[in-house]
There are 2 protein chains.
Amino acid sequence: MKRIEQTLRAILPVDQSWIRKASERQRELTKPPGSLGRLEDVANRCAAIRGTLMLTANRPRIVLFAADHGVCKERVSMYPQEVTTQMVLNFLRGGAAINCFARTMAIELKIVDVGVANAPSASGDLISRRVRAGTRNFCLQPAMTEDEMKSAIETGINLANDASAAGCDLVGFGEMGIGNTTSASAIAIALTGEPMDAMVGSGAGADADCMARKRSAIQRGLALHAASLGDPLGILRCLGGFEIAAICGFCLGAAARRLPILMDGYIATAGAALAVRLCPALVDYLFAAHCSAEPGHAPLLNMMGQEPLLDLGMRLGEGTGAALAIKLIQASVAAFTSMATFSGAGVSNR
Amino acid sequence: MKRIEQTLRAILPVDQSWIRKASERQRELTKPPGSLGRLEDVANRCAAIRGTLMLTANRPRIVLFAADHGVCKERVSMYPQEVTTQMVLNFLRGGAAINCFARTMAIELKIVDVGVANAPSASGDLISRRVRAGTRNFCLQPAMTEDEMKSAIETGINLANDASAAGCDLVGFGEMGIGNTTSASAIAIALTGEPMDAMVGSGAGADADCMARKRSAIQRGLALHAASLGDPLGILRCLGGFEIAAICGFCLGAAARRLPILMDGYIATAGAALAVRLCPALVDYLFAAHCSAEPGHAPLLNMMGQEPLLDLGMRLGEGTGAALAIKLIQASVAAFTSMATFSGAGVSNR
């Protein structure tokens with residue numbers, strides 16, 4: 001755990017004095033004070049994260065982590081597990097929703113196999129960091145071992161470091177893994193203490209029977225591992241997925257590199273919420289891209305004190321919400337850095 | 001009014017059968033059905049507007065209409081009227097928020113002077129369509145004559161035709177005019193019948209005294225012109241602004257050319273609401289970009305059956321909300337036209 005502990009220690013609380021300096025600049029720009037609403041807060045917080053008023057947001061990257069889930073044996077999804085691998089291939093060919101959004105928004109997209117069941121055939125564009133061919137069924141045993149969890153978290157940290165080294169100034173993340181709303185729901189219940197009904201939705205479209213199996217699997221998992229759910233790493237090891245562990249690590253790594261981080265939907269947020277539990281200072285580095293239609297997402301964001309930027313009834317994952325919100329961050333930064341001032345433009349102030 | 005009547009007759013209700021055809025295609029794309037939420041509805045409606053599944057949204061244009069308001073004599077704004085002209089010059093130099101957003105989103109921006117009080121010095125980039133050096137004070141007389149109103153509406157129609165002729169496949173609009181939340185509030189009250197308190201906000205930041213003057217001016221305007229407020233053109237002529245009339249015309253012209261139209265904030269929506277009252281079929285061509293922090297915006301959108309795409313507490317105008325939402329429309333169209341199908345990508349469906 002040395003690498004993880006080093007990363008945790010490298011995450012500094014954002015310096016609130018930059019918020020004040022940024023707010024002062026906002027008042028000089030040619031617009032009524034506060035008239036850009038939440039976009040002003042976004043830019044001000046980016047200034048605090050980056051520790052500068054000379055903000056950029058020209059090099060966004062989204063990292064999409066894919067893995068499979070042993071709990072699929074409980075038939076918690078309407079889709080067969082093979083769809084995870086098929087969708088990874090679809091990402092690599094550019095045919096999924098996230099590819100279309102990334103092209104529209106000029107976002108660099110990286111696909112990481114953290115442990116899908118059937119390894120996709122080699123491709124130059126796939127980042128292969130396979131921990132194992134999917135997690136174990138958490139209804140019967142912990143989803144992963146301590147070493148497997150550590151490996152997946154470190155993969156996330158490494159991917160964040162890669163983004164920083166490549167000059168990225170804004171990162172987002174997404175996930176793919178058939179069955180992973182079941183894992184995310186179990187994690188969210190363990191983290192928030194909210195009741196099952198508030199936190200379990202239909203995921204990719206479960207029918208009533210499938211929902212019943214999903215609730216049962218979560219209930220059994222929570223009961224079996226009750227003794228291990230007092231700390232975030234216990235929750236992650238027993239109930240998580242490799243993509244969720246990697247996302248947890250990615251958040252830690254990106255915050256350690258002082259990057260603004262866009263969370264995607266429910267599953268992605270579950271990974272980020274574990275990271276926040278490990279390191280509360282992380283919360284100031286995170287932006288909630290959107291609120292998913294999955295019912296547990298809003299309470300999870302609420303627990304983290306995060307207000308989503310978008311609310312479009314989406315529930316796809318893949319980083320699609322993060323991709324849409326990246327333009328909002330970029331717009332907030334563009335206004336902050338490129339607008340004229342009242343005095344500079346000869347515009348009369350009040 | 002011949003030109004306006006011709007335009008009204010050219011607006012056809014959208015063909016709902018395209019919604020059905022588009023929905024069928026949505027179900028073939030590699031995502032759980034409905035998982036892109038409102039973005040699926042957006043693309044489906046674009047298909048109905050354009051009358052094709054071969055959608056594009058590569059050539060967006062925002063037209064920003066600026067004009068001054070005689071009601072400023074009632075001291076309804078904290079900013080002096082000269083700010084309208086100063087901001088037009090700021091737009092032309094690229095220093096305003098809308099310029100930053102348009103650059104970030106690769107949106108073509110056109111600035112139109114429909115009647116600011118002090119004509120900006122000539123510039124190749126300014127489209128000068130001055131009706132008059134600002135409207136009259138609607139507390140004392142109608143804001144504009146019938147001919148002036150017609151001229152401003154036709155300017156909007158012409159700008160929409162220009163966008164269509166230039167190959168634009170998506171248009172938005174914004175406005176600038178010191179005092180124009182007063183005009184928009186008066187129009188919105190006349191259209192909705194909502195009480196003053198629900199429809200009048202602080203605009204660019206009015207203090208309590210300024211708010212009292214604003215409410216008083218609106219009250220006097222509504223009383224003086226009560227006999228003329230039964231039809232939308234009476235409302236526009238008595239209480240409107242040249243930029244609001246131009247926006248009304250722009251909506252009509254764009255719908256006649258079957259373009260998807262993004263509304264901006266409160267004032268822009270007041271212009272669009274007048275157009276919808278003139279031509280109810282127009283409503284299917286409109287997308288509400290965002291919900292402004294100005295309190296009257298939500299009831300006005302509600303009256304039009306419009307659900308905003310964004311809600312970020314913004315209240316700037318200029319087309320800034322429309323600019324942010326254009327990427328959402330483009331993303332919805334990109335997913336619709338460029339995603340792989342389940343069969344094409346070899347992805348197992350449920």
# chains A, B, ... in the order shown; residues from 1 in each chain; ligands from 1
$ interface_residues --of "chain A" --to "chain B" --cutoff "6 Å" --atoms "only C-alpha atoms" --output "number ranges by chain"
A: 32, 35-38, 78-79, 86, 95-97, 100-101, 204, 312-316, 331, 334-335, 339-340, 347, 350
$ write_last_selection --atoms "C-alpha atoms" --output "mmCIF file, in the first residue's frame"
data_model
loop_
_atom_site.group_PDB
_atom_site.id
_atom_site.type_symbol
_atom_site.label_atom_id
_atom_site.label_comp_id
_atom_site.auth_asym_id
_atom_site.auth_seq_id
_atom_site.Cartn_x
_atom_site.Cartn_y
_atom_site.Cartn_z
ATOM 1 C CA PRO A 32 -22.975 41.875 -14.030
ATOM 2 C CA SER A 35 -24.254 36.610 -13.815
ATOM 3 C CA LEU A 36 -22.443 33.480 -15.024
ATOM 4 C CA GLY A 37 -23.861 31.663 -12.000
ATOM 5 C CA ARG A 38 -22.277 28.314 -11.263
ATOM 6 C CA MET A 78 -30.405 -8.174 -18.545
ATOM 7 C CA TYR A 79 -27.282 -8.221 -20.707
ATOM 8 C CA GLN A 86 -17.926 -6.406 -26.990
ATOM 9 C CA GLY A 95 -18.725 3.283 -32.321
ATOM 10 C CA ALA A 96 -20.016 3.933 -28.809
ATOM 11 C CA ALA A 97 -21.751 7.021 -27.434
ATOM 12 C CA CYS A 100 -19.205 10.282 -30.538
ATOM 13 C CA PHE A 101 -19.188 12.704 -27.605
ATOM 14 C CA ALA A 204 -29.137 -0.784 -17.920
ATOM 15 C CA LEU A 312 -30.492 15.160 -18.496
ATOM 16 C CA GLY A 313 -31.933 11.834 -17.375
ATOM 17 C CA MET A 314 -28.907 9.955 -18.700
ATOM 18 C CA ARG A 315 -27.876 6.551 -17.345
ATOM 19 C CA LEU A 316 -25.283 5.211 -19.765
ATOM 20 C CA ALA A 331 -16.368 27.704 -21.105
ATOM 21 C CA ALA A 334 -12.432 30.716 -21.210
ATOM 22 C CA ALA A 335 -14.641 33.448 -19.753
ATOM 23 C CA MET A 339 -13.026 38.263 -21.080
ATOM 24 C CA ALA A 340 -12.309 41.964 -21.183
ATOM 25 C CA VAL A 347 -17.497 49.745 -20.364
ATOM 26 C CA ARG A 350 -22.519 50.575 -11.988
#
$ select_by_dssp --residues "segment 75-247 of chain A" --states "helix (DSSP H, G or I)" --output "NGL selection string"
:A and (82-93 or 97-105 or 146-165 or 180-192 or 196-199 or 208-224 or 226-228 or 232-239 or 242-247)
$ residues_around --residues "Met196 of chain A" --least-positions-apart "4" --cutoff "8 Å" --atoms "only C-alpha atoms" --output "list in words"
Ile189, Val200 and Arg215 of chain A
$ select_by_dssp --residues "segment 134-318 of chain A" --states "strand (DSSP E)" --output "PyMOL selection string"
chain A and resi 170-176+261-263+286-288
$ closest_residue --among "A:Ala245, A:Ala119, A:Met1, A:Met304" --to "Ala273 of chain A" --atoms "only C-alpha atoms"
A:Met304
$ atom_distance --atom1 "atom CA of Ala163 of chain A" --atom2 "atom CA of Asn118 of chain A"
26.9 Å
$ residues_around --residues "Ala186 of chain A" --least-positions-apart "6" --cutoff "9 Å" --atoms "only C-alpha atoms" --output "ChimeraX atom specification"
/A:196,199-200,218-219,221-222,235,239-240
$ atom_distance --atom1 "atom CA of Ala67 of chain A" --atom2 "atom CA of Leu159 of chain A"
15.5 Å
$ residues_around --residues "segment 130-137 of chain A" --least-positions-apart "2" --cutoff "8 Å" --atoms "only C-alpha atoms" --output "JSON, numbers by chain"
{"A": [67, 68, 69, 70, 71, 72, 73, 113, 114, 115, 116, 117, 118, 119, 128, 139, 140, 141, 142, 143, 144, 148, 151, 152, 241, 242]}
$ residues_around --residues "Leu286 of chain A" --least-positions-apart "3" --cutoff "8 Å" --atoms "only C-alpha atoms" --output "PDB file with C-alpha atoms, in the first residue's frame"
ATOM      1  CA  PRO A 260      -9.689  19.309 -11.892  1.00  0.00           C
ATOM      2  CA  ILE A 261     -11.605  16.012 -12.042  1.00  0.00           C
ATOM      3  CA  LEU A 262     -14.991  15.416 -13.671  1.00  0.00           C
ATOM      4  CA  MET A 263     -16.992  12.534 -12.229  1.00  0.00           C
ATOM      5  CA  LEU A 282     -10.120  15.284  -2.420  1.00  0.00           C
ATOM      6  CA  VAL A 283     -13.660  16.628  -2.535  1.00  0.00           C
TER       7      VAL A 283
END
$ atom_distance --atom1 "atom CA of Leu55 of chain A" --atom2 "atom CA of Phe173 of chain B"
28.4 Å
$ closest_residue --among "A:His297, A:Arg277, A:His290, A:Arg20" --to "Pro232 of chain A" --atoms "only C-alpha atoms"
A:Arg277
$ closest_residue --among "A:Ala206, A:Ala268, A:Ala190, A:Ile157" --to "Ala254 of chain A" --atoms "only C-alpha atoms"
A:Ile157
$ residues_around --residues "Ala48 of chain A" --least-positions-apart "2" --cutoff "8 Å" --atoms "only C-alpha atoms" --output "PyMOL selection string"
chain A and resi 14-19+44-46+50-52
